[in-house]
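Shown here: target.cif, mmCIF, C-alpha atoms.
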data_final
#
loop_
_atom_site.label_atom_id
_atom_site.label_comp_id
_atom_site.auth_asym_id
_atom_site.auth_seq_id
_atom_site.Cartn_x
_atom_site.Cartn_y
_atom_site.Cartn_z
CA MET A 226 7.99 -34.48 9.03
CA SER A 227 10.95 -35.28 11.32
CA SER A 228 10.81 -38.93 10.15
CA LEU A 229 11.01 -37.76 6.54
CA VAL A 230 14.13 -35.76 7.36
CA LYS A 231 15.73 -38.74 9.13
CA LYS A 232 14.98 -41.08 6.25
CA SER A 233 16.35 -38.59 3.75
CA ARG A 234 19.80 -39.20 5.23
CA ASN A 235 19.64 -42.79 4.00
CA ILE A 236 17.82 -42.40 0.71
CA THR A 237 18.09 -39.87 -2.06
CA ILE A 238 15.14 -37.58 -2.60
CA PRO A 239 15.21 -35.70 -5.92
CA ASN A 240 15.87 -31.99 -5.55
CA ASP A 241 12.72 -31.04 -7.44
CA ILE A 242 10.62 -32.86 -4.82
CA LEU A 243 12.56 -31.21 -1.97
CA TYR A 244 12.00 -27.89 -3.69
CA GLU A 245 8.23 -28.43 -3.81
CA ILE A 246 8.10 -29.52 -0.15
CA ILE A 247 10.06 -26.45 0.95
CA ASN A 248 7.68 -24.19 -0.98
CA ILE A 249 4.61 -25.90 0.51
CA LEU A 250 5.92 -25.44 4.05
CA ALA A 251 6.73 -21.80 3.36
CA ASP A 252 3.23 -21.23 1.98
CA LYS A 253 1.74 -22.78 5.11
CA ALA A 254 3.69 -20.35 7.29
CA SER A 255 2.37 -17.49 5.18
CA GLU A 256 -1.22 -18.74 5.51
CA ASP A 257 -0.75 -18.90 9.29
CA ASN A 258 0.52 -15.29 9.21
CA ARG A 259 3.83 -16.14 10.78
CA PRO A 260 7.40 -15.80 9.48
CA ALA A 261 8.91 -18.77 7.68
CA ARG A 262 11.68 -19.03 10.30
CA GLN A 263 8.99 -20.03 12.84
CA GLN A 264 8.09 -23.09 10.77
CA PRO A 265 10.22 -25.82 12.46
CA GLU A 266 9.65 -28.31 9.64
CA LEU A 267 11.04 -25.79 7.16
CA LYS A 268 14.08 -25.02 9.31
CA ALA A 269 14.78 -28.76 9.58
CA PHE A 270 15.48 -28.87 5.84
CA HIS A 271 18.29 -26.33 5.77
CA THR A 272 20.89 -28.78 7.14
CA LEU A 273 20.22 -31.53 4.58
CA SER A 274 22.26 -30.18 1.70
CA SER A 275 23.54 -27.02 0.08
CA PHE A 276 20.50 -27.14 -2.22
CA CYS A 277 18.10 -27.20 0.74
CA LEU A 278 20.10 -24.54 2.58
CA HIS A 279 19.80 -22.21 -0.40
CA HIS A 280 16.06 -22.70 -0.92
CA THR A 281 15.10 -22.53 2.77
CA ARG A 282 17.09 -19.30 3.13
CA LYS A 283 15.09 -17.86 0.22
CA HIS A 284 11.99 -18.11 2.42
CA ILE A 285 13.46 -17.55 5.89
CA PHE A 286 15.21 -14.31 4.93
CA ALA A 287 12.92 -13.08 2.13
CA GLU A 288 11.21 -10.64 4.48
CA VAL A 289 13.18 -9.10 7.34
CA ASN A 290 11.99 -6.73 10.07
CA LEU A 291 14.60 -4.80 12.01
CA ARG A 292 13.38 -3.10 15.17
CA THR A 293 13.61 -3.24 18.94
CA SER A 294 10.54 -5.12 20.10
CA SER A 295 9.59 -7.79 22.58
CA HIS A 296 6.03 -8.25 21.35
CA SER A 297 6.23 -8.87 17.60
CA ASN A 298 6.14 -12.40 16.19
CA TRP A 299 8.32 -11.12 13.38
CA ILE A 300 11.25 -10.37 15.71
CA PRO A 301 13.38 -13.36 16.86
CA LYS A 302 13.23 -13.77 20.63
CA HIS A 303 17.00 -14.25 20.85
CA LEU A 304 17.55 -10.96 18.97
CA PRO A 305 15.21 -8.55 20.80
CA THR A 306 16.96 -5.26 20.00
CA LEU A 307 17.90 -3.52 16.77
CA LYS A 308 21.57 -3.66 17.82
CA ASP A 309 21.32 -7.44 18.31
CA GLN A 310 19.79 -7.87 14.86
CA VAL A 311 22.39 -5.64 13.22
CA ALA A 312 25.15 -7.64 14.90
CA PHE A 313 23.63 -10.88 13.55
CA PHE A 314 23.55 -9.69 9.94
CA THR A 315 27.01 -8.17 10.27
CA GLU A 316 28.32 -11.59 11.28
CA HIS A 317 26.22 -13.54 8.76
CA ARG A 318 26.60 -11.48 5.61
CA GLY A 319 26.02 -14.55 3.47
CA VAL A 320 22.26 -14.28 4.04
CA LEU A 321 22.00 -10.66 2.84
CA PRO A 322 21.43 -11.56 -0.84
CA TYR A 323 18.28 -13.46 0.20
CA ILE A 324 16.58 -10.35 1.61
CA HIS A 325 13.93 -9.04 -0.79
CA HIS A 326 11.83 -6.96 1.60
CA LEU A 327 13.29 -4.99 4.50
CA SER A 328 11.29 -3.09 7.13
CA LEU A 329 13.36 -0.89 9.44
CA PHE A 330 12.06 0.95 12.49
CA MET A 331 14.30 3.25 14.55
CA SER A 332 13.29 4.83 17.85
CA PRO A 333 14.18 8.42 18.85
CA GLU A 334 16.96 6.94 21.00
CA GLU A 335 18.39 4.89 18.13
CA VAL A 336 18.32 7.46 15.31
CA PRO A 337 21.15 9.68 16.73
CA ASP A 338 23.42 6.66 17.33
CA SER A 339 26.10 7.23 14.66
CA SER A 340 27.71 3.83 15.25
CA LEU A 341 24.38 2.04 14.72
CA GLN A 342 23.68 4.16 11.65
CA ALA A 343 27.09 3.24 10.20
CA GLN A 344 26.52 -0.48 10.82
CA LEU A 345 23.10 -0.30 9.17
CA HIS A 346 24.68 1.51 6.23
CA ASP A 347 27.23 -1.30 5.75
CA ILE A 348 24.44 -3.90 5.76
CA MET A 349 21.97 -2.04 3.55
CA VAL A 350 24.40 -1.27 0.72
CA GLN A 351 24.92 -5.03 0.30
CA LEU A 352 21.20 -5.77 -0.21
CA SER A 353 21.57 -6.10 -3.96
CA ASN A 354 18.40 -8.17 -4.38
CA MET A 355 16.11 -6.05 -2.22
CA VAL A 356 12.86 -5.16 -3.99
CA SER A 357 11.10 -3.07 -1.32
CA LEU A 358 12.32 -1.01 1.62
CA GLN A 359 10.23 0.45 4.45
CA ILE A 360 11.72 3.04 6.80
CA ASP A 361 9.92 4.18 9.95
CA TYR A 362 11.76 7.05 11.67
CA ASP A 363 9.29 7.62 14.52
CA GLU A 364 8.89 11.29 13.54
CA MET A 365 12.62 12.00 13.75
CA GLU A 366 14.41 14.44 11.39
CA TRP A 367 15.72 12.87 8.19
CA ASN A 368 17.83 15.84 7.13
CA ASN A 369 19.82 15.94 10.38
CA THR A 370 22.03 13.17 9.01
CA PRO A 371 24.41 14.50 6.32
CA LEU A 372 24.77 12.47 3.14
CA THR A 373 28.54 12.52 3.64
CA THR A 374 28.32 10.22 6.68
CA SER A 375 27.66 6.47 6.72
CA SER A 376 23.98 6.30 7.62
CA ILE A 377 20.60 5.01 6.55
CA ARG A 378 20.18 8.12 4.46
CA SER A 379 23.42 7.69 2.52
CA ALA A 380 22.76 3.93 2.18
CA LEU A 381 19.36 4.64 0.66
CA GLN A 382 20.87 6.97 -1.89
CA THR A 383 23.58 4.43 -2.75
CA LEU A 384 20.96 1.71 -3.24
CA LEU A 385 18.70 3.88 -5.35
CA HIS A 386 21.60 4.76 -7.64
CA SER A 387 23.12 1.29 -7.94
CA SER A 388 20.37 -1.32 -7.50
CA GLN A 389 18.23 -2.39 -10.42
CA ASN A 390 15.91 -4.31 -8.08
CA LEU A 391 14.85 -1.72 -5.48
CA SER A 392 11.57 -0.51 -6.98
CA GLU A 393 9.40 0.26 -3.92
CA LEU A 394 10.07 2.68 -1.06
CA TYR A 395 7.74 3.09 1.93
CA LEU A 396 8.32 6.06 4.24
CA ARG A 397 6.63 6.01 7.64
CA ASN A 398 6.68 8.87 10.17
CA VAL A 399 9.70 10.60 8.67
CA THR A 400 10.12 14.31 9.36
CA ASN A 401 11.45 16.46 6.49
CA PHE A 402 12.36 13.78 4.01
CA CYS A 403 14.25 15.50 1.20
CA LEU A 404 12.86 14.64 -2.23
CA HIS A 405 16.27 15.39 -3.71
CA ASP A 406 17.43 12.11 -2.12
CA LEU A 407 15.36 10.32 -4.77
CA VAL A 408 16.95 12.03 -7.75
CA ASP A 409 18.54 9.63 -10.27
CA ALA A 410 16.64 6.70 -8.72
CA THR A 411 16.09 5.24 -12.17
CA TYR A 412 14.51 1.99 -11.01
CA LEU A 413 12.30 3.36 -8.20
CA GLN A 414 8.73 2.96 -9.43
CA HIS A 415 6.55 3.16 -6.31
CA LEU A 416 6.76 5.67 -3.45
CA ASP A 417 4.43 5.28 -0.46
CA VAL A 418 4.35 8.18 2.00
CA TYR A 419 2.62 7.68 5.34
CA TYR A 420 2.52 10.54 7.87
CA THR A 421 5.78 11.79 6.42
CA ARG A 422 6.64 15.44 5.95
CA LEU A 423 8.23 15.99 2.55
CA PHE A 424 10.80 18.68 1.94
CA VAL A 425 12.30 20.20 -1.18
CA ASP A 426 14.79 23.05 -1.54
CA GLY A 427 13.26 25.67 -3.79
CA ASP A 428 16.66 27.27 -4.39
CA GLY A 429 18.43 24.01 -5.20
CA PRO A 430 18.42 21.82 -8.30
CA LYS A 431 15.27 20.19 -9.59
CA ALA A 432 14.07 17.01 -7.93
CA GLU A 433 13.50 14.99 -11.09
CA LEU A 434 11.91 11.66 -10.14
CA ASN A 435 12.09 10.26 -13.64
CA GLY A 436 11.39 6.60 -12.87
CA LEU A 437 8.47 7.01 -10.48
CA LYS A 438 5.20 5.57 -11.78
CA GLU A 439 3.08 5.18 -8.62
CA LEU A 440 2.65 7.51 -5.64
CA THR A 441 0.64 6.71 -2.50
CA ILE A 442 -0.01 9.40 0.12
CA ARG A 443 -1.60 9.39 3.54
CA GLN A 444 -0.84 12.41 5.68
CA ASP A 445 -1.83 14.04 8.93
CA SER A 446 -5.05 15.94 8.23
CA ALA A 447 -3.41 19.21 9.31
CA GLU A 448 -0.27 18.62 7.24
CA ASP A 449 -0.06 19.75 3.62
CA SER A 450 3.73 19.52 3.18
CA PHE A 451 3.26 16.74 0.62
CA ALA A 452 1.38 19.15 -1.65
CA LYS A 453 3.78 22.04 -1.05
CA ALA A 454 6.79 19.91 -1.91
CA LEU A 455 5.18 18.45 -5.02
CA VAL A 456 3.72 21.67 -6.46
CA LEU A 457 6.47 24.15 -5.47
CA ARG A 458 7.79 26.31 -8.29
CA ASP A 459 11.02 28.27 -8.54
CA GLU A 460 11.30 31.99 -9.19
CA ASP A 461 10.95 31.34 -12.93
CA GLY A 462 7.70 29.46 -12.42
CA ASN A 463 9.15 26.02 -13.14
CA LEU A 464 8.29 23.01 -11.01
CA VAL A 465 11.00 22.05 -8.53
CA SER A 466 9.76 18.44 -8.36
CA THR A 467 8.87 16.63 -11.56
CA LEU A 468 7.33 13.18 -12.04
CA PRO A 469 7.17 12.76 -15.83
CA GLN A 470 6.41 9.02 -15.80
CA LEU A 471 3.70 9.10 -13.10
CA LYS A 472 0.79 6.83 -14.02
CA ALA A 473 -0.98 6.11 -10.70
CA LEU A 474 -1.97 8.18 -7.67
CA TYR A 475 -3.41 6.73 -4.46
CA PHE A 476 -4.71 8.98 -1.67
CA ASP A 477 -5.95 7.98 1.77
CA ILE A 478 -8.01 11.01 2.82
CA THR A 479 -8.90 11.65 6.44
CA LEU A 480 -10.63 15.05 6.26
CA GLU A 481 -12.42 17.06 3.59
CA SER A 482 -9.94 19.92 4.08
CA GLU A 483 -7.28 17.77 2.35
CA LEU A 484 -9.16 17.71 -0.96
CA PRO A 485 -7.85 21.08 -2.28
CA HIS A 486 -4.25 19.96 -1.68
CA ILE A 487 -4.87 16.62 -3.35
CA LEU A 488 -6.45 18.33 -6.35
CA LYS A 489 -3.31 20.47 -6.71
CA VAL A 490 -1.13 17.36 -6.87
CA VAL A 491 -3.44 15.67 -9.38
CA ASP A 492 -3.55 18.77 -11.59
CA THR A 493 0.22 19.26 -11.39
CA HIS A 494 1.40 15.70 -12.04
CA GLY A 495 -1.63 13.84 -13.41
CA ARG A 496 -1.45 14.80 -17.05
CA SER A 497 -1.00 11.17 -18.15
CA LEU A 498 -2.68 9.57 -15.15
CA GLU A 499 -3.99 6.05 -15.79
CA GLU A 500 -5.03 5.04 -12.27
CA LEU A 501 -6.64 7.04 -9.45
CA SER A 502 -7.52 5.67 -6.02
CA LEU A 503 -9.28 7.61 -3.26
CA VAL A 504 -9.96 6.27 0.23
CA LEU A 505 -12.54 8.72 1.53
CA PHE A 506 -12.63 9.40 5.28
CA ARG A 507 -12.13 5.82 6.41
CA ASP A 508 -11.23 6.99 9.92
CA ASN A 509 -13.53 9.99 10.12
CA GLU A 510 -17.17 10.63 9.43
CA PRO A 511 -17.75 12.57 6.19
CA HIS A 512 -19.13 16.08 6.49
CA SER A 513 -20.39 16.88 3.01
CA ALA A 514 -24.15 16.91 2.59
CA ASN A 515 -25.34 13.44 1.56
CA HIS A 516 -21.68 12.39 1.27
CA ASP A 517 -21.57 13.80 -2.27
CA TYR A 518 -18.05 14.66 -3.42
CA SER A 519 -18.82 14.77 -7.13
CA ALA A 520 -17.63 18.39 -7.37
CA TRP A 521 -14.11 17.29 -6.38
CA LEU A 522 -14.26 14.06 -8.37
CA ASN A 523 -15.33 15.99 -11.46
CA LYS A 524 -12.18 18.13 -11.25
CA MET A 525 -9.92 15.10 -10.83
CA VAL A 526 -11.55 12.65 -13.23
CA LEU A 527 -13.22 14.50 -16.11
CA PRO A 528 -10.10 16.26 -17.48
CA ARG A 529 -8.43 12.81 -17.59
CA SER A 530 -11.21 10.82 -19.25
CA GLN A 531 -8.93 9.92 -22.15
CA THR A 532 -6.10 8.56 -19.97
CA LEU A 533 -7.74 7.14 -16.81
CA ARG A 534 -8.09 3.39 -17.17
CA LYS A 535 -8.81 2.51 -13.54
CA ILE A 536 -10.71 4.26 -10.74
CA MET A 537 -10.87 2.96 -7.19
CA ILE A 538 -13.02 4.48 -4.45
CA GLU A 539 -13.40 3.50 -0.80
CA SER A 540 -16.41 5.09 0.85
CA ILE A 541 -18.18 4.99 4.20
CA ILE A 542 -21.82 5.66 5.06
CA CYS A 543 -22.78 6.48 8.61
CA GLU A 544 -26.30 7.85 8.21
CA ASP A 545 -29.51 6.97 6.40
CA GLY A 546 -29.75 8.38 2.89
CA GLN A 547 -26.03 8.97 2.36
CA ASP A 548 -24.63 8.29 -1.10
CA PRO A 549 -22.69 5.00 -0.83
CA PHE A 550 -20.65 5.97 -3.90
CA SER A 551 -19.60 9.44 -2.62
CA GLY A 552 -20.79 11.19 -5.76
CA LEU A 553 -18.84 8.91 -8.12
CA CYS A 554 -21.95 8.01 -10.13
CA SER A 555 -22.62 11.67 -10.84
CA THR A 556 -19.04 12.05 -12.11
CA LEU A 557 -19.32 8.92 -14.27
CA SER A 558 -22.48 10.27 -15.83
CA CYS A 559 -20.53 13.35 -16.93
CA MET A 560 -17.78 11.38 -18.65
CA THR A 561 -17.87 11.51 -22.43
CA LYS A 562 -18.16 8.48 -24.70
CA ASP A 563 -14.50 8.71 -25.72
CA ASN A 564 -13.39 7.73 -22.19
CA VAL A 565 -10.95 4.82 -21.84
CA LEU A 566 -12.08 3.55 -18.42
CA ALA A 567 -11.38 -0.20 -18.25
CA GLU A 568 -11.72 -1.02 -14.56
CA LEU A 569 -13.84 0.33 -11.71
CA GLU A 570 -13.55 -0.76 -8.07
CA VAL A 571 -15.78 0.51 -5.26
CA MET A 572 -15.62 -0.55 -1.63
CA VAL A 573 -18.34 0.70 0.71
CA TYR A 574 -18.19 0.44 4.50
CA VAL A 575 -21.64 0.41 6.11
CA ILE A 576 -21.77 1.28 9.80
CA THR A 577 -24.76 -0.63 11.14
CA ALA A 578 -24.95 1.38 14.39
CA SER A 579 -26.11 4.41 12.38
CA ILE A 580 -28.05 2.83 9.49
CA THR A 581 -31.68 1.81 9.86
CA THR A 582 -32.89 1.89 6.25
CA LEU A 583 -31.31 1.69 2.79
CA GLY A 584 -32.91 3.27 -0.25
CA ASP A 585 -32.65 3.76 -3.99
CA GLU A 586 -29.33 5.60 -3.68
CA TRP A 587 -27.81 2.15 -4.26
CA PHE A 588 -29.45 2.00 -7.69
CA GLU A 589 -27.38 4.89 -9.09
CA ILE A 590 -24.42 2.76 -10.17
CA SER A 591 -26.69 0.51 -12.24
CA LYS A 592 -28.25 3.48 -14.00
CA VAL A 593 -24.97 5.13 -14.94
CA LEU A 594 -23.32 1.91 -16.15
CA ASP A 595 -26.36 0.92 -18.24
CA ILE A 596 -25.81 3.65 -20.84
CA ASN A 597 -25.34 2.04 -24.25
CA GLY A 598 -22.14 2.87 -26.11
CA LYS A 599 -20.57 4.84 -23.29
CA TRP A 600 -18.34 2.20 -21.72
CA LYS A 601 -16.68 0.65 -24.77
CA HIS A 602 -13.43 -0.07 -22.92
CA LEU A 603 -14.89 -1.14 -19.58
CA GLU A 604 -13.79 -4.69 -18.73
CA LYS A 605 -14.47 -5.13 -15.02
CA VAL A 606 -16.55 -3.55 -12.26
CA LYS A 607 -16.13 -4.72 -8.68
CA LEU A 608 -18.39 -3.60 -5.84
CA GLU A 609 -17.64 -4.79 -2.33
CA VAL A 610 -19.71 -3.87 0.72
CA ILE A 611 -18.28 -4.32 4.23
CA VAL A 612 -20.94 -4.41 6.95
CA GLU A 613 -19.30 -3.17 10.14
CA THR A 614 -20.98 -4.00 13.41
CA CYS A 615 -19.81 -3.75 17.00
CA ARG A 616 -19.88 -6.54 19.53
CA PRO A 617 -22.58 -7.20 20.65
CA SER A 618 -24.15 -6.79 17.22
CA GLU A 619 -26.45 -3.84 16.49
CA ASP A 620 -28.00 -6.04 13.78
CA PRO A 621 -28.47 -9.39 15.57
CA ASP A 622 -30.94 -10.68 12.98
CA GLY A 623 -28.62 -9.81 10.10
CA TYR A 624 -31.38 -7.78 8.40
CA LEU A 625 -29.01 -5.21 6.89
CA GLU A 626 -26.57 -7.78 5.56
CA HIS A 627 -29.46 -9.85 4.15
CA TRP A 628 -30.91 -6.80 2.41
CA LEU A 629 -27.53 -5.93 0.90
CA HIS A 630 -27.13 -9.47 -0.43
CA GLY A 631 -30.57 -9.08 -1.99
CA LEU A 632 -29.39 -6.16 -4.15
CA ARG A 633 -27.84 -8.78 -6.42
CA GLU A 634 -31.35 -9.69 -7.62
CA THR A 635 -32.80 -6.19 -7.58
CA HIS A 636 -30.74 -3.01 -7.94
CA PHE A 637 -27.66 -4.70 -9.45
CA LYS A 638 -29.30 -7.45 -11.50
CA ALA A 639 -28.86 -5.63 -14.82
CA LEU A 640 -25.12 -5.25 -14.26
CA PHE A 641 -24.57 -9.01 -14.47
CA SER A 642 -25.75 -9.03 -18.10
CA GLN A 643 -23.49 -6.21 -19.30
CA ALA A 644 -20.52 -6.72 -21.62
CA PHE A 645 -18.11 -6.09 -18.76
CA GLU A 646 -17.51 -8.48 -15.84
CA PHE A 647 -19.43 -7.48 -12.72
CA GLU A 648 -18.44 -8.75 -9.28
CA TYR A 649 -20.49 -8.04 -6.16
CA CYS A 650 -19.84 -9.28 -2.64
CA VAL A 651 -20.99 -8.47 0.91
CA SER A 652 -18.75 -9.25 3.88
CA PRO A 653 -19.32 -8.80 7.63
CA ALA A 654 -16.75 -7.19 9.90
CA VAL A 655 -17.15 -7.37 13.68
CA ILE A 656 -15.47 -4.63 15.68
CA ASP A 657 -14.89 -5.00 19.40
CA ASP A 658 -16.46 -2.03 21.15
#
Let me see whether you can do it: turn the structure in this file into structure tokens.
Amino acid sequence: MSSLVKKSRNITIPNDILYEIINILADKASEDNRPARQQPELKAFHTLSSFCLHHTRKHIFAEVNLRTSSHSNWIPKHLPTLKDQVAFFTEHRGVLPYIHHLSLFMSPEEVPDSSLQAQLHDIMVQLSNMVSLQIDYDEMEWNNTPLTTSSIRSALQTLLHSSQNLSELYLRNVTNFCLHDLVDATYLQHLDVYYTRLFVDGDGPKAELNGLKELTIRQDSAEDSFAKALVLRDEDGNLVSTLPQLKALYFDITLESELPHILKVVDTHGRSLEELSLVLFRDNEPHSANHDYSAWLNKMVLPRSQTLRKIMIESIICEDGQDPFSGLCSTLSCMTKDNVLAELEVMVYVITASITTLGDEWFEISKVLDINGKWKHLEKVKLEVIVETCRPSEDPDGYLEHWLHGLRETHFKALFSQAFEFEYCVSPAVIDD
């Protein structure tokens, strides 16, 4: 590649060819799971011409991570601290328009630094082309910083009010994030809340999130602030937080005790829900008998049969005889023929250390989807099974994985001849013990 660069100084290479080469090198960096700036061949292009400088910057600065770290490949070694990185972007403001995705992590020592907050504010408000923003506050208080000061909080509000590109916000480990900060965020469409405590002032104005279409929530199992903030009503019985355009809800559930809170959110804001995703107890063993959660699924799905177009379920089975579909098949059987379901995705994690036999519980999805005339709108069904085994393997002969592959010709055979597209795959996953 270096010889190509040297020769290019003596001959003219058309810009469209340079453009394709730059994109290929950037794609290779992505496939290697490393930032584009670590691709030396790509960096070599940026000095060739203003055209190459522009297009290499589009890749090098497309995704930026700001945080103090000495271990991450995504942090430049010559800029190990957040202050170093902020100083770089303050000095090189010309690269700010190239940033499309920004991830910002602040430690408990960095959050109270008003000078650092002000510098970050000055950088963030210039990110006019930013599409997604992730903020990790390391469990520090969001509301301790007044909106009147130059800070991350005031920068976020400025961006949400002025930018037509910022459509995704990811909140990580933020304590008492005020939902009122998202008011008038016309172009914000996706909010992802991870171990973040939401807050809303019941005596203040309404938190009208009029542009929001997708909401993803994963919380501490003992924390229900997300539900309280989203279902709180004022003294007149009116909702304090409204999401009139909400079309999709995604929940990552750790314990069964969260289900009542999740149901409240679905009932409150899911009137026109088109997409529902539930990750069921991925990090914890389920406690319901036979892993049947159809009672909860019935309450979430059945009242929305005429709006829900996509259902996604992630399930885990840890014992013989457990329902791999978590009661979903029972709920599907109760749906009426006027349902509009178009897409169904199920991912099942099988823990081989606890499973010795598999039975006809896997046949249930074939039975419920083989009902004539019921699934007129169904276009695609995807079933993926992940076989988790520890090292050394509890299934050295691969019996379980082989048996699961065999379901294609037995339990699931009829699904391949249905009007909808059926996709089935089995993948191994080795976990170091």
A straight line from atom CA of Lys524 of chain A to atom CA of Leu501 of chain A spans 12.5 Å
From the list A:His516, A:Lys599, A:His303, A:Arg529, the nearest residue to Glu544 of chain A using all atoms listed in the file is A:His516
Notebook entry, point to check: Given the file above and the PyMOL selection byres ((chain A and resi 420) around 7), which residues are selected, and can you give them as a PyMOL selection string?
Noted result: chain A and resi 397-398+418-419+421-422+443-445
| said: as a VMD selection string, please: the residues near Ile536 of chain A (cut-off 12 Å, all atoms listed in the file, same-chain neighbours under 6 positions excluded). | reply: chain A and resid 473 to 476 498 to 504 522 525 to 527 529 to 530 553 to 554 556 to 557 565 to 572 603 605 to 607
(Q) Quick check, in Å to one decimal: how far apart do atom CA of Glu648 of chain A and atom CA of Thr577 of chain A lie? (A)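 A separation of 22.9 Å between them.
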Apply the PyMOL selection byres ((chain A and resi 293) around 6) to the file shown and report the selected residues as a PyMOL selection string. chain A and resi 292+294+305-307
message = With the PyMOL selection byres ((chain A and resi 279-284) around 7) as the selection, what would be picked from this file? Answer as an NGL selection string, please.
response = :A and (247 or 251 or 261 or 267 or 271 or 275-278 or 285-287 or 323)
If you count all atoms listed in the file, the residue of A:Leu625, A:Ser555, A:Phe314, A:Val575 closest to Lys592 of chain A turns out to be A:Ser555
*Residue among A:Gln389, A:Thr370, A:Thr315, A:Thr237 lying closest to Gln344 of chain A, counting only C-alpha atoms*: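 Closest candidate: A:Thr315.
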Contacts of Leu404 of chain A at 6 Å or less, counting only C-alpha atoms, minus same-chain residues fewer than 2 places along, as a VMD selection string?
-> chain A and resid 406 to 407 425
(Q) So that I can check the surroundings of Arg378 of chain A, please list as a list in words every protein, DNA and RNA residue that reaches within 9 Å of it, counting only C-alpha atoms and ignoring chain neighbours fewer than 5 positions away. (A) Gln342, His346, Trp367, Asn368, Thr370, Pro371, Leu372, Thr383 and Asp406 of chain A
Set the distance at 12 Å and use all atoms listed in the file: which residues neighbour Pro333 of chain A once local chain neighbours fewer than 4 positions away are removed? I'd like the list as a PyMOL selection string.
chain A and resi 293+337-338+361-367+398-400
inquiry  = Set the distance at 12 Å and use all atoms listed in the file: which residues neighbour Ile348 of chain A once local chain neighbours fewer than 6 positions away are removed? I'd like the list as JSON, numbers by chain.
reply    = {"A": [291, 310, 311, 312, 313, 314, 315, 316, 317, 318, 319, 320, 321, 322, 324, 327, 341, 342, 355, 375, 376, 377, 380, 381, 383, 384]}
Separating atom CA of Ala654 of chain A from atom CA of Pro549 of chain A, to the nearest tenth of an Å, is a gap of 17.3 Å
- Item | Selected residue of minimal separation from Phe550 of chain A among A:Glu586, A:Asp477, A:Glu393, A:Asp428, counting only C-alpha atoms |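 Residue with the minimum atom-to-atom distance to Phe550 of chain A: A:Glu586.
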Using all atoms listed in the file, the shortest atom-to-atom distance to Glu481 of chain A among A:Asp517, A:Thr493, A:Asp459, A:Gln382 belongs to A:Asp517
Of A:Ser591, A:Thr561, A:Ser540, A:Ser353, the one sitting nearest Tyr518 of chain A when using only C-alpha atoms is A:Ser540
